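K.L.:
My structure file start15.cif, mmCIF, C-alpha atoms, is below:
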```
data_upload
#
loop_
_atom_site.label_atom_id
_atom_site.label_comp_id
_atom_site.auth_asym_id
_atom_site.auth_seq_id
_atom_site.Cartn_x
_atom_site.Cartn_y
_atom_site.Cartn_z
CA MET A 23 58.81 50.27 -75.18
CA PHE A 24 60.00 47.93 -72.48
CA SER A 25 61.09 48.29 -68.90
CA GLN A 26 64.25 47.06 -67.24
CA GLY A 27 66.41 49.07 -69.58
CA GLY A 28 65.07 47.42 -72.69
CA LEU A 29 64.84 43.82 -73.80
CA SER A 30 68.16 42.31 -74.86
CA LEU A 31 68.60 39.27 -77.06
CA GLU A 32 70.22 37.44 -74.16
CA GLN A 33 67.11 37.97 -72.02
CA ALA A 34 64.58 37.04 -74.68
CA PRO A 35 63.67 33.36 -75.03
CA PRO A 36 63.78 31.90 -78.55
CA ILE A 37 60.68 32.74 -80.57
CA SER A 38 59.86 29.03 -80.78
CA VAL A 39 59.08 29.07 -77.05
CA VAL A 40 56.29 31.61 -77.46
CA LEU A 41 54.94 30.43 -80.81
CA ARG A 42 54.71 26.84 -79.58
CA PHE A 43 52.24 27.80 -76.87
CA PHE A 44 50.33 30.35 -78.98
CA ILE A 45 49.83 27.93 -81.88
CA THR A 46 48.70 25.24 -79.43
CA GLY A 47 46.20 27.61 -77.84
CA ALA A 48 44.71 28.51 -81.23
CA ALA A 49 44.63 24.82 -82.25
CA PHE A 50 42.70 23.93 -79.08
CA GLY A 51 40.30 26.75 -79.98
CA VAL A 52 39.70 25.11 -83.36
CA LEU A 53 39.21 21.76 -81.60
CA LEU A 54 36.64 23.43 -79.33
CA GLY A 55 34.75 24.71 -82.38
CA VAL A 56 34.69 21.23 -83.91
CA TYR A 57 33.44 19.72 -80.65
CA LEU A 58 30.72 22.38 -80.30
CA ILE A 59 29.49 21.81 -83.85
CA GLY A 60 29.33 18.06 -83.26
CA SER A 61 27.54 18.55 -79.94
CA SER A 62 25.02 20.89 -81.57
CA PHE A 63 23.54 17.96 -83.46
CA SER A 64 23.30 15.85 -80.30
CA SER A 65 20.54 15.89 -77.72
CA VAL A 66 19.84 18.87 -75.47
CA GLN A 67 21.41 16.95 -72.59
CA ALA A 68 24.57 16.36 -74.62
CA PHE A 69 24.95 20.04 -75.55
CA GLY A 70 24.27 21.49 -72.12
CA GLY A 71 24.89 18.52 -69.85
CA ASN A 72 27.52 18.13 -67.18
CA THR A 73 30.00 16.26 -69.40
CA PHE A 74 29.62 18.90 -72.14
CA ASN A 75 30.20 21.73 -69.65
CA LEU A 76 33.31 20.06 -68.23
CA ILE A 77 34.84 19.46 -71.66
CA VAL A 78 34.11 22.96 -72.96
CA THR A 79 35.30 24.63 -69.75
CA HIS A 80 38.61 22.79 -69.66
CA ILE A 81 39.38 23.11 -73.37
CA LEU A 82 38.98 26.85 -72.85
CA ALA A 83 40.72 27.06 -69.47
CA LEU A 84 43.66 24.72 -70.08
CA GLY A 85 43.88 24.08 -73.81
CA VAL A 86 43.33 27.69 -74.87
CA MET A 87 43.92 30.10 -71.97
CA ALA A 88 46.73 28.25 -70.17
CA SER A 89 48.59 27.77 -73.46
CA PHE A 90 48.39 31.43 -74.41
CA MET A 91 49.14 32.71 -70.92
CA LEU A 92 52.08 30.39 -70.24
CA GLY A 93 53.56 31.34 -73.61
CA ALA A 94 53.08 35.01 -72.80
CA LEU A 95 54.70 34.56 -69.37
CA PHE A 96 57.84 32.97 -70.85
CA GLN A 97 58.15 36.14 -72.94
CA MET A 98 56.81 38.79 -70.54
CA LEU A 99 58.67 37.81 -67.37
CA PRO A 100 62.00 39.10 -68.78
CA VAL A 101 60.24 42.17 -70.17
CA ILE A 102 58.04 43.24 -67.28
CA ALA A 103 59.65 41.60 -64.26
CA GLY A 104 63.25 41.71 -65.47
CA VAL A 105 63.91 38.04 -64.66
CA VAL A 106 65.53 35.42 -66.84
CA ILE A 107 64.35 31.80 -67.06
CA ASN A 108 67.41 29.62 -67.69
CA VAL A 109 67.29 27.12 -70.59
CA PRO A 110 63.78 28.30 -71.55
CA THR A 111 63.57 26.12 -74.66
CA LYS A 112 63.99 22.87 -72.74
CA LYS A 113 61.69 23.92 -69.93
CA ALA A 114 59.00 25.20 -72.30
CA MET A 115 59.16 21.96 -74.32
CA VAL A 116 58.63 19.84 -71.19
CA VAL A 117 55.76 22.01 -69.96
CA HIS A 118 54.15 22.12 -73.40
CA LEU A 119 54.28 18.35 -73.94
CA LEU A 120 52.92 17.51 -70.49
CA LEU A 121 50.18 20.16 -70.81
CA VAL A 122 48.94 18.94 -74.19
CA VAL A 123 48.99 15.25 -73.24
CA GLY A 124 47.39 16.03 -69.87
CA VAL A 125 44.56 18.05 -71.43
CA LEU A 126 43.84 15.27 -73.93
CA PHE A 127 43.77 12.65 -71.17
CA GLN A 128 41.47 14.93 -69.19
CA LEU A 129 39.03 15.30 -72.09
CA PHE A 130 38.94 11.52 -72.54
CA ALA A 131 38.39 11.15 -68.79
CA PHE A 132 35.38 13.45 -68.87
CA SER A 133 33.85 11.81 -71.94
CA LYS A 134 34.50 8.18 -70.90
CA ASN A 135 34.32 8.66 -67.10
CA SER A 136 37.38 6.40 -66.89
CA SER A 137 39.41 6.18 -63.68
CA PHE A 138 42.47 5.34 -65.80
CA PHE A 139 42.20 8.57 -67.79
CA TYR A 140 41.47 10.60 -64.65
CA LEU A 141 44.67 9.31 -63.05
CA PHE A 142 46.85 9.94 -66.09
CA SER A 143 45.38 13.41 -66.67
CA ALA A 144 46.20 14.28 -63.05
CA LEU A 145 49.75 12.94 -63.45
CA PHE A 146 50.50 14.76 -66.71
CA LEU A 147 48.76 18.04 -65.86
CA GLY A 148 50.19 18.05 -62.36
CA SER A 149 53.71 17.34 -63.62
CA GLY A 150 53.54 19.98 -66.36
CA LEU A 151 51.81 22.81 -64.56
CA LEU A 152 53.46 22.25 -61.19
CA TYR A 153 56.80 22.18 -63.00
CA ALA A 154 56.19 25.47 -64.83
CA THR A 155 54.73 27.58 -62.05
CA PRO A 156 57.41 27.01 -59.37
CA VAL A 157 60.10 27.83 -61.95
CA MET A 158 58.40 31.14 -62.68
CA LEU A 159 57.46 31.81 -59.06
CA LYS A 160 61.05 31.30 -57.94
CA GLU A 161 62.32 33.90 -60.40
CA VAL A 162 59.61 36.44 -59.56
CA MET A 163 60.13 35.97 -55.81
CA SER A 164 63.85 36.68 -56.23
CA ILE A 165 63.13 40.27 -57.36
CA ASN A 166 64.33 42.77 -54.77
CA ASP A 167 62.33 45.79 -55.90
CA HIS A 168 58.89 44.72 -57.15
CA SER A 169 56.87 46.77 -59.59
CA SER A 170 53.08 46.63 -59.53
CA SER A 171 53.21 44.25 -62.50
CA SER A 172 55.78 41.84 -61.06
CA LYS A 173 53.95 41.77 -57.72
CA GLY A 174 50.70 41.07 -59.55
CA MET A 175 52.34 38.21 -61.44
CA LEU A 176 53.37 36.74 -58.11
CA PHE A 177 49.76 36.66 -56.92
CA ALA A 178 48.52 35.39 -60.30
CA LEU A 179 51.01 32.51 -60.27
CA GLY A 180 50.15 31.79 -56.64
CA SER A 181 46.48 31.63 -57.61
CA PHE A 182 47.35 29.27 -60.46
CA VAL A 183 49.19 26.91 -58.10
CA ILE A 184 46.18 26.82 -55.77
CA ALA A 185 43.77 26.29 -58.67
CA ILE A 186 45.95 23.46 -59.98
CA GLY A 187 46.07 21.80 -56.57
CA PHE A 188 42.30 21.93 -56.22
CA GLY A 189 41.87 20.70 -59.79
CA LEU A 190 44.13 17.69 -59.22
CA TYR A 191 42.18 16.83 -56.07
CA MET A 192 38.92 16.87 -58.04
CA LEU A 193 40.37 14.74 -60.85
CA LEU A 194 41.53 12.11 -58.35
CA THR A 195 38.14 12.24 -56.63
CA LEU A 196 36.28 11.74 -59.90
CA GLY A 197 38.60 8.83 -60.67
CA GLY A 198 37.82 7.19 -57.33
CA TYR A 199 41.26 7.78 -55.80
CA SER A 200 40.07 10.19 -53.11
CA SER A 201 37.14 10.32 -50.71
CA GLY A 202 36.07 13.71 -52.07
CA SER A 203 35.63 15.56 -48.79
CA PHE A 204 34.52 19.18 -49.35
CA PHE A 205 34.32 18.45 -53.09
CA THR A 206 31.62 21.08 -53.78
CA GLU A 207 33.44 23.74 -51.77
CA ILE A 208 36.79 22.97 -53.41
CA LYS A 209 35.15 23.07 -56.84
CA GLU A 210 33.88 26.61 -56.24
CA ALA A 211 37.26 27.70 -54.85
CA HIS A 212 38.98 26.10 -57.85
CA TYR A 213 36.91 28.13 -60.31
CA SER A 214 37.39 31.34 -58.29
CA PHE A 215 41.17 31.04 -58.18
CA ALA A 216 41.36 29.96 -61.83
CA LEU A 217 39.15 32.74 -63.22
CA MET A 218 39.58 35.74 -60.93
CA GLY A 219 42.98 34.77 -59.52
CA TRP A 220 44.92 33.29 -62.42
CA VAL A 221 43.24 34.87 -65.46
CA GLY A 222 41.97 38.10 -63.90
CA LEU A 223 45.09 38.96 -61.90
CA LEU A 224 47.53 38.04 -64.67
CA ILE A 225 45.72 40.27 -67.16
CA ALA A 226 45.53 43.09 -64.60
CA SER A 227 49.20 42.84 -63.61
CA ILE A 228 50.32 42.88 -67.24
CA SER A 229 48.01 45.79 -68.03
CA PHE A 230 49.56 47.99 -65.35
CA GLN A 231 52.67 48.24 -67.51
CA VAL A 232 51.63 47.15 -71.00
CA VAL A 233 48.66 49.52 -71.41
CA GLU A 234 50.81 52.50 -70.49
CA MET A 235 53.76 51.41 -72.69
CA PHE A 236 51.91 50.19 -75.77
CA TYR A 237 49.26 52.90 -75.91
CA VAL A 238 50.99 55.82 -74.11
CA THR A 239 48.28 56.30 -71.50
CA PRO A 240 48.31 57.99 -68.09
CA LYS A 241 49.47 55.76 -65.24
CA TYR A 242 46.98 53.77 -63.22
CA PRO A 243 46.08 55.30 -59.84
CA GLU A 244 48.52 54.00 -57.24
CA VAL A 245 45.71 52.63 -55.08
CA ILE A 246 44.77 50.29 -57.97
CA SER A 247 48.22 49.34 -59.29
CA ARG A 248 49.61 48.81 -55.80
CA TYR A 249 46.77 47.14 -53.92
CA PHE A 250 44.34 45.60 -56.44
CA THR A 251 46.12 42.27 -56.97
CA LEU A 252 46.94 41.80 -53.28
CA THR A 253 43.38 42.58 -52.22
CA VAL A 254 41.83 40.19 -54.75
CA PHE A 255 44.23 37.40 -53.76
CA MET A 256 43.49 37.85 -50.05
CA LEU A 257 39.75 37.91 -50.72
CA LEU A 258 40.04 34.65 -52.66
CA LEU A 259 41.86 33.06 -49.71
CA LEU A 260 39.16 34.37 -47.36
CA LYS A 261 36.46 33.00 -49.66
CA THR A 262 38.09 29.56 -49.65
CA MET A 263 38.27 29.52 -45.85
CA SER A 264 34.64 30.65 -45.66
CA LEU A 265 33.59 27.85 -48.02
CA MET A 266 35.39 25.25 -45.90
CA ALA A 267 33.77 26.65 -42.77
CA GLY A 268 30.33 26.57 -44.35
CA VAL A 269 29.94 30.35 -44.14
CA GLY A 270 28.23 32.32 -46.90
CA THR A 271 30.49 34.08 -49.39
CA ASN A 272 28.04 36.55 -50.97
CA ILE A 273 29.68 39.60 -49.41
CA ILE A 274 33.12 38.49 -50.63
CA ASP A 275 31.79 37.87 -54.14
CA ILE A 276 30.17 41.31 -54.18
CA ILE A 277 33.43 43.00 -53.15
CA LEU A 278 35.38 41.04 -55.77
CA ALA A 279 32.91 42.03 -58.47
CA LEU A 280 33.09 45.70 -57.45
CA LEU A 281 36.90 45.61 -57.51
CA PHE A 282 37.01 44.17 -61.03
CA ILE A 283 34.39 46.68 -62.22
CA ALA A 284 36.53 49.50 -60.81
CA TYR A 285 39.68 48.10 -62.47
CA ALA A 286 37.97 47.70 -65.86
CA THR A 287 36.43 51.19 -65.69
CA ILE A 288 39.81 52.77 -64.90
CA THR A 289 41.45 50.83 -67.74
CA LEU A 290 38.82 52.07 -70.19
CA HIS A 291 39.40 55.62 -68.98
CA ARG A 292 43.16 55.23 -69.46
CA LEU A 293 42.67 53.95 -73.01
CA TYR A 294 40.36 56.89 -73.73
CA LYS A 295 43.07 59.29 -72.53
CA ARG A 296 45.90 57.71 -74.58
CA LYS A 297 48.22 60.15 -76.31
CA ARG A 298 48.30 58.27 -79.63
CA PRO A 299 44.64 58.01 -80.68
CA THR A 300 45.41 55.94 -83.80
CA SER A 301 43.14 53.26 -85.20
CA ASP A 302 44.47 50.02 -83.74
CA ALA A 303 42.61 46.73 -83.48
CA THR A 304 44.48 45.80 -80.31
CA VAL A 305 43.02 48.87 -78.61
CA TRP A 306 39.59 47.74 -79.77
CA PHE A 307 40.22 44.30 -78.26
CA TRP A 308 41.25 45.89 -74.95
CA ARG A 309 38.18 48.13 -74.87
CA LEU A 310 35.88 45.25 -75.72
CA GLY A 311 37.53 43.05 -73.08
CA MET A 312 37.14 45.65 -70.35
CA GLY A 313 33.53 46.32 -71.36
CA LEU A 314 32.73 42.61 -71.20
CA LEU A 315 34.44 42.36 -67.81
CA ILE A 316 32.19 45.13 -66.49
CA VAL A 317 29.08 43.36 -67.85
CA GLY A 318 30.17 39.98 -66.49
CA MET A 319 31.02 41.33 -63.04
CA THR A 320 27.78 43.34 -62.94
CA LEU A 321 25.84 40.13 -63.57
CA THR A 322 27.88 38.42 -60.85
CA LEU A 323 27.15 41.31 -58.52
CA LEU A 324 23.41 41.15 -59.18
CA GLY A 325 23.45 37.37 -58.88
CA ASN A 326 24.68 37.70 -55.29
CA ILE A 327 21.92 40.18 -54.44
CA ILE A 328 18.88 38.69 -56.16
CA ASP A 329 17.98 35.21 -57.36
CA PHE A 330 19.30 34.66 -60.88
CA SER A 331 18.14 32.19 -63.47
CA HIS A 332 20.61 29.65 -64.84
CA LYS A 333 20.44 31.39 -68.23
CA LEU A 334 21.65 34.70 -66.81
CA GLN A 335 24.46 32.91 -64.99
CA LEU A 336 25.48 31.37 -68.30
CA LEU A 337 25.48 34.84 -69.82
CA SER A 338 27.89 36.03 -67.11
CA TYR A 339 30.23 33.14 -67.99
CA ILE A 340 30.08 34.02 -71.70
CA THR A 341 30.97 37.64 -71.02
CA PHE A 342 33.92 36.67 -68.77
CA ILE A 343 35.23 34.28 -71.43
CA GLY A 344 34.80 37.05 -73.99
CA PHE A 345 36.83 39.39 -71.75
CA ALA A 346 39.69 36.92 -71.39
CA LEU A 347 39.83 36.02 -75.08
CA SER A 348 39.68 39.67 -76.14
CA ILE A 349 42.77 40.53 -74.08
CA VAL A 350 44.59 37.40 -75.25
CA PHE A 351 43.97 38.34 -78.88
CA ALA A 352 45.11 41.92 -78.22
CA MET A 353 48.39 40.67 -76.74
CA VAL A 354 49.03 38.09 -79.46
CA TYR A 355 48.67 40.68 -82.23
CA LYS A 356 51.16 42.91 -80.38
CA ILE A 357 53.67 40.25 -79.32
CA VAL A 358 54.06 38.00 -82.38
CA PRO A 359 54.83 40.62 -85.08
CA PHE A 360 57.30 42.31 -82.73
CA LEU A 361 59.07 39.05 -81.86
CA VAL A 362 59.50 37.97 -85.49
CA TRP A 363 61.00 41.35 -86.41
CA PHE A 364 63.03 41.60 -83.19
CA HIS A 365 64.71 38.19 -83.38
CA LEU A 366 65.46 38.36 -87.11
CA SER A 367 66.88 41.88 -86.84
CA ASN A 368 69.10 40.88 -83.94
CA GLN A 369 70.30 37.88 -85.92
CA GLY A 370 71.53 40.23 -88.65
CA TYR A 371 68.85 39.73 -91.31
CA MET A 372 68.56 43.16 -92.91
CA GLU A 373 65.61 41.96 -95.00
CA ALA A 374 63.67 40.97 -91.91
CA PRO A 375 59.95 41.66 -92.42
CA MET A 376 58.62 44.72 -90.64
CA MET A 377 55.97 44.17 -87.98
CA HIS A 378 53.07 45.05 -90.30
CA ASP A 379 54.44 42.55 -92.84
CA VAL A 380 54.33 39.70 -90.31
CA ILE A 381 50.64 40.12 -89.46
CA HIS A 382 49.14 43.15 -91.18
CA PRO A 383 47.02 45.36 -88.87
CA LYS A 384 44.08 44.89 -91.24
CA LYS A 385 44.13 41.16 -90.42
CA ALA A 386 43.74 41.97 -86.73
CA LYS A 387 40.86 44.32 -87.54
CA ILE A 388 39.14 41.59 -89.54
CA HIS A 389 39.59 39.23 -86.59
CA PHE A 390 38.08 41.83 -84.27
CA VAL A 391 34.93 41.90 -86.41
CA MET A 392 34.87 38.09 -86.39
CA HIS A 393 35.29 38.10 -82.63
CA ILE A 394 32.39 40.53 -82.16
CA GLY A 395 30.18 38.41 -84.41
CA MET A 396 31.16 35.25 -82.55
CA LEU A 397 30.36 36.75 -79.14
CA LEU A 398 27.02 38.15 -80.33
CA SER A 399 26.08 34.78 -81.78
CA TRP A 400 26.53 33.13 -78.37
CA LEU A 401 24.12 35.46 -76.58
CA PRO A 402 20.93 33.78 -77.90
CA VAL A 403 22.46 30.34 -77.20
CA ALA A 404 22.07 31.14 -73.50
CA PHE A 405 18.32 31.55 -73.91
CA LEU A 406 17.19 29.55 -76.97
CA ASP A 407 17.57 25.87 -77.78
CA ILE A 408 17.53 26.20 -81.58
CA LEU A 409 19.85 24.04 -83.70
CA ILE A 410 20.77 26.65 -86.31
CA ILE A 411 21.72 29.19 -83.61
CA LYS A 412 24.02 26.69 -81.87
CA VAL A 413 25.62 25.63 -85.17
CA VAL A 414 26.22 29.21 -86.33
CA ALA A 415 27.71 30.24 -82.97
CA SER A 416 29.97 27.17 -82.90
CA LEU A 417 31.04 27.71 -86.52
CA LEU A 418 31.91 31.36 -85.88
CA LEU A 419 34.02 30.36 -82.89
CA LEU A 420 35.86 27.81 -85.04
CA ILE A 421 36.45 30.39 -87.79
CA SER A 422 37.75 32.94 -85.27
CA PHE A 423 40.37 30.57 -83.89
CA ALA A 424 41.20 29.18 -87.35
CA TRP A 425 41.88 32.75 -88.56
CA LEU A 426 44.30 33.29 -85.67
CA LEU A 427 45.92 29.88 -86.11
CA TYR A 428 46.57 30.54 -89.81
CA HIS A 429 48.29 33.87 -89.13
CA LEU A 430 50.39 32.42 -86.31
CA LEU A 431 51.56 29.62 -88.60
CA ASP A 432 52.16 32.15 -91.37
CA ALA A 433 54.23 34.32 -89.01
CA GLY A 434 56.35 31.29 -88.11
CA GLY A 435 56.69 30.49 -91.80
CA LYS A 436 57.94 34.01 -92.60
CA TYR A 437 60.46 33.71 -89.78
CA ARG A 438 61.83 30.42 -91.14
CA TYR A 439 61.79 31.69 -94.74
CA THR A 440 63.89 34.71 -93.81
CA GLN A 441 66.41 32.53 -91.99
CA LYS A 442 66.66 30.13 -94.92
CA TYR A 443 66.71 32.44 -97.95
CA CYS A 444 67.75 35.93 -96.83
CA GLU A 445 71.30 37.17 -96.41
CA ARG A 446 72.60 37.50 -92.90
CA ILE A 447 75.12 40.13 -91.84
CA GLU A 448 77.57 39.04 -89.17
CA TRP A 449 77.99 41.70 -86.50
#
```
Go ahead and render the structure in this file as structure tokens.

P.N.:
Amino acid sequence: MFSQGGLSLEQAPPISVVLRFFITGAAFGVLLGVYLIGSSFSSVQAFGGNTFNLIVTHILALGVMASFMLGALFQMLPVIAGVVINVPTKKAMVVHLLLVVGVLFQLFAFSKNSSFFYLFSALFLGSGLLYATPVMLKEVMSINDHSSSSKGMLFALGSFVIAIGFGLYMLLTLGGYSSGSFFTEIKEAHYSFALMGWVGLLIASISFQVVEMFYVTPKYPEVISRYFTLTVFMLLLLKTMSLMAGVGTNIIDIILALLFIAYATITLHRLYKRKRPTSDATVWFWRLGMGLLIVGMTLTLLGNIIDFSHKLQLLSYITFIGFALSIVFAMVYKIVPFLVWFHLSNQGYMEAPMMHDVIHPKKAKIHFVMHIGMLLSWLPVAFLDILIIKVVASLLLLISFAWLLYHLLDAGGKYRYTQKYCERIEW
């Protein structure tokens, strides 16, 4: 199932490291749902205004996505890249605390437009994220013989560092601590590195190994697995330099969109050709995610060729978010049941729950239906300003994350129950 000769207990971080980040990500998703419901009853400006967009974007990007993806990296780096992060519990605890406090300060900064909160959000987020990424980058860079996945992780982490740096600059500018030179250009580069670089490249690099291992599919074409992440990263650097030089970036955006469309299409083809065509909700999540990536990148492609309305641009953002969340959910439903069983079994608990007892596959299938309903409910929000539509869409998003949060907490509860009440055999 895993590379590097299998995953040993010594390599694996404690399950608390992963669950801490996953539970936090789901909790921020619930918080987002609550905020969206409250904003639905506010004015049009409040629901779609600049402050609203900043808060929603950063709850999703940092509260939800960064939490899930950092938790996954603490687990997947030993599995995919074969590297070991020393004292992972302590390091994860520091990163987690600084991330949560920093995100909360950031949300207060956006809502209150307070220079104090802007400064403290920059300090906490900068300390947490710029502590985590160099630790991981150092380990990945020490690999002598890179696989496509480990090399992709290197570019994804590099993109995250750049996105963080740009984000901190913008926070300090908004707080009045910087002159804000090239603010608009840096803002666009920040979003590009965060979405296509950090999120897009991390998902792609993991998929090069995980899709083949989990679903027994044919290998990706070497031209994709070997050069996709490098090409995207270099294009993002070129786009940033073009923005600073005041040169148009339409051609670069078109190439980026075409590359992601090609990657998603190939991934769908690999999933179609898998050798175990069983009914699995995680496969459905992967297929949905890749389909949404194709739609989102197609809209981006068209938007760089013809003039697009703001509503269609919003639709492209919704589809990209749907892509990212779909893959996150697919990975969570694979990782968590395995980790609970794996750690308990290696600790000698013969009555350790099997993977389907931790989170039953039917629960993941129910969540998939919820996820589809939630995404469909947000499509009319992009075009219609109707209260009931906004409330329903926001409520479905809240329910989706609450469903995941409950099952993550339940998985942690089953882990602790087994340790407390079941007999352990000493090896």

K.L.:
From (41.8, 55.8, -75.8), in the file's coordinates, out to 10 Å: which residues are reached, counting all atoms listed in the file? Answer as a PyMOL selection string.

P.N.:
chain A and resi 237-239+289-301+305-306+308-309

K.L.:
Got time to write the residues from that selection, C-alpha atoms, as a PDB file, in the coordinates of the input?

P.N.:
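After the write, again_10.pdb holds the following:
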```
ATOM      1  CA  TYR A 237      49.260  52.900 -75.910  1.00  0.00           C
ATOM      2  CA  VAL A 238      50.990  55.820 -74.110  1.00  0.00           C
ATOM      3  CA  THR A 239      48.280  56.300 -71.500  1.00  0.00           C
ATOM      4  CA  THR A 289      41.450  50.830 -67.740  1.00  0.00           C
ATOM      5  CA  LEU A 290      38.820  52.070 -70.190  1.00  0.00           C
ATOM      6  CA  HIS A 291      39.400  55.620 -68.980  1.00  0.00           C
ATOM      7  CA  ARG A 292      43.160  55.230 -69.460  1.00  0.00           C
ATOM      8  CA  LEU A 293      42.670  53.950 -73.010  1.00  0.00           C
ATOM      9  CA  TYR A 294      40.360  56.890 -73.730  1.00  0.00           C
ATOM     10  CA  LYS A 295      43.070  59.290 -72.530  1.00  0.00           C
ATOM     11  CA  ARG A 296      45.900  57.710 -74.580  1.00  0.00           C
ATOM     12  CA  LYS A 297      48.220  60.150 -76.310  1.00  0.00           C
ATOM     13  CA  ARG A 298      48.300  58.270 -79.630  1.00  0.00           C
ATOM     14  CA  PRO A 299      44.640  58.010 -80.680  1.00  0.00           C
ATOM     15  CA  THR A 300      45.410  55.940 -83.800  1.00  0.00           C
ATOM     16  CA  SER A 301      43.140  53.260 -85.200  1.00  0.00           C
ATOM     17  CA  VAL A 305      43.020  48.870 -78.610  1.00  0.00           C
ATOM     18  CA  TRP A 306      39.590  47.740 -79.770  1.00  0.00           C
ATOM     19  CA  TRP A 308      41.250  45.890 -74.950  1.00  0.00           C
ATOM     20  CA  ARG A 309      38.180  48.130 -74.870  1.00  0.00           C
TER      21      ARG A 309
END
```

K.L.:
If the PyMOL selection byres ((chain A and resi 141-145) around 9) is run on the structure shown, which residues does it catch, given as a PyMOL selection string?

P.N.:
chain A and resi 120+123-131+136-140+146-150+189-191+193-194+197+199

K.L.:
Hey, what comes out of the PyMOL selection byres ((chain A and resi 392) around 10) on this file? Could you write it as a list in words?

P.N.:
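Residues picked by the PyMOL selection byres ((chain A and resi 392) around 10): Ala386, Lys387, Ile388, His389, Phe390, Val391, His393, Ile394, Gly395, Met396, Leu397, Leu398, Leu418, Leu419, Ile421, Ser422, Phe423 and Trp425 of chain A.
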
K.L.:
Could you expand the PyMOL selection byres ((chain A and resi 218) around 9) into the explicit residues it covers here, written as a ChimeraX atom specification?

P.N.:
/A:178,181,213-217,219-223,254-255,258,278,282

K.L.:
For atom CA of A:Leu257 and atom CA of A:Phe307, quote the distance in Å rounded to one decimal.

P.N.:
28.3 Å

K.L.:
What does the distance between atom CA of A:Met163 and atom CA of A:Ala226 come to in Å, to one decimal place?

P.N.:
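Atom-to-atom, atom CA of A:Met163 and atom CA of A:Ala226 are spaced 18.5 Å apart.
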
K.L.:
What is the atom CA of A:Val162 to atom CA of A:Ile357 distance in Å?

P.N.:
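So the answer is 21.0 Å.
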
K.L.:
For stretch 39-47 of chain A, work out the shell of residues within 6 Å, counting all atoms listed in the file and skipping chain neighbours fewer than 4 positions away, then give it as a VMD selection string.

P.N.:
chain A and resid 85 to 86 89 to 90 93 111

K.L.:
Using all atoms listed in the file, which of the listed residues (A:Ile107, A:Met115, A:Ala88, A:Val78) sits closest to A:Leu179?

P.N.:
A:Ala88

K.L.:
Taking 5 positions as the minimum chain separation for residues in the same chain, which residues sit within 8 Å of A:Gly55 when counting all atoms listed in the file? Answer as JSON, numbers by chain.

P.N.:
{"A": [416, 417, 419, 420]}

K.L.:
Residues of the last selection are to be written out with C-alpha atoms, as a compact mmCIF listing (two decimals), keeping the file's coordinate frame.

P.N.:
```txt
# COMPACT_ATOMS: atom_id res chain seq x y z
CA SER A 416 29.97 27.17 -82.90
CA LEU A 417 31.04 27.71 -86.52
CA LEU A 419 34.02 30.36 -82.89
CA LEU A 420 35.86 27.81 -85.04
```
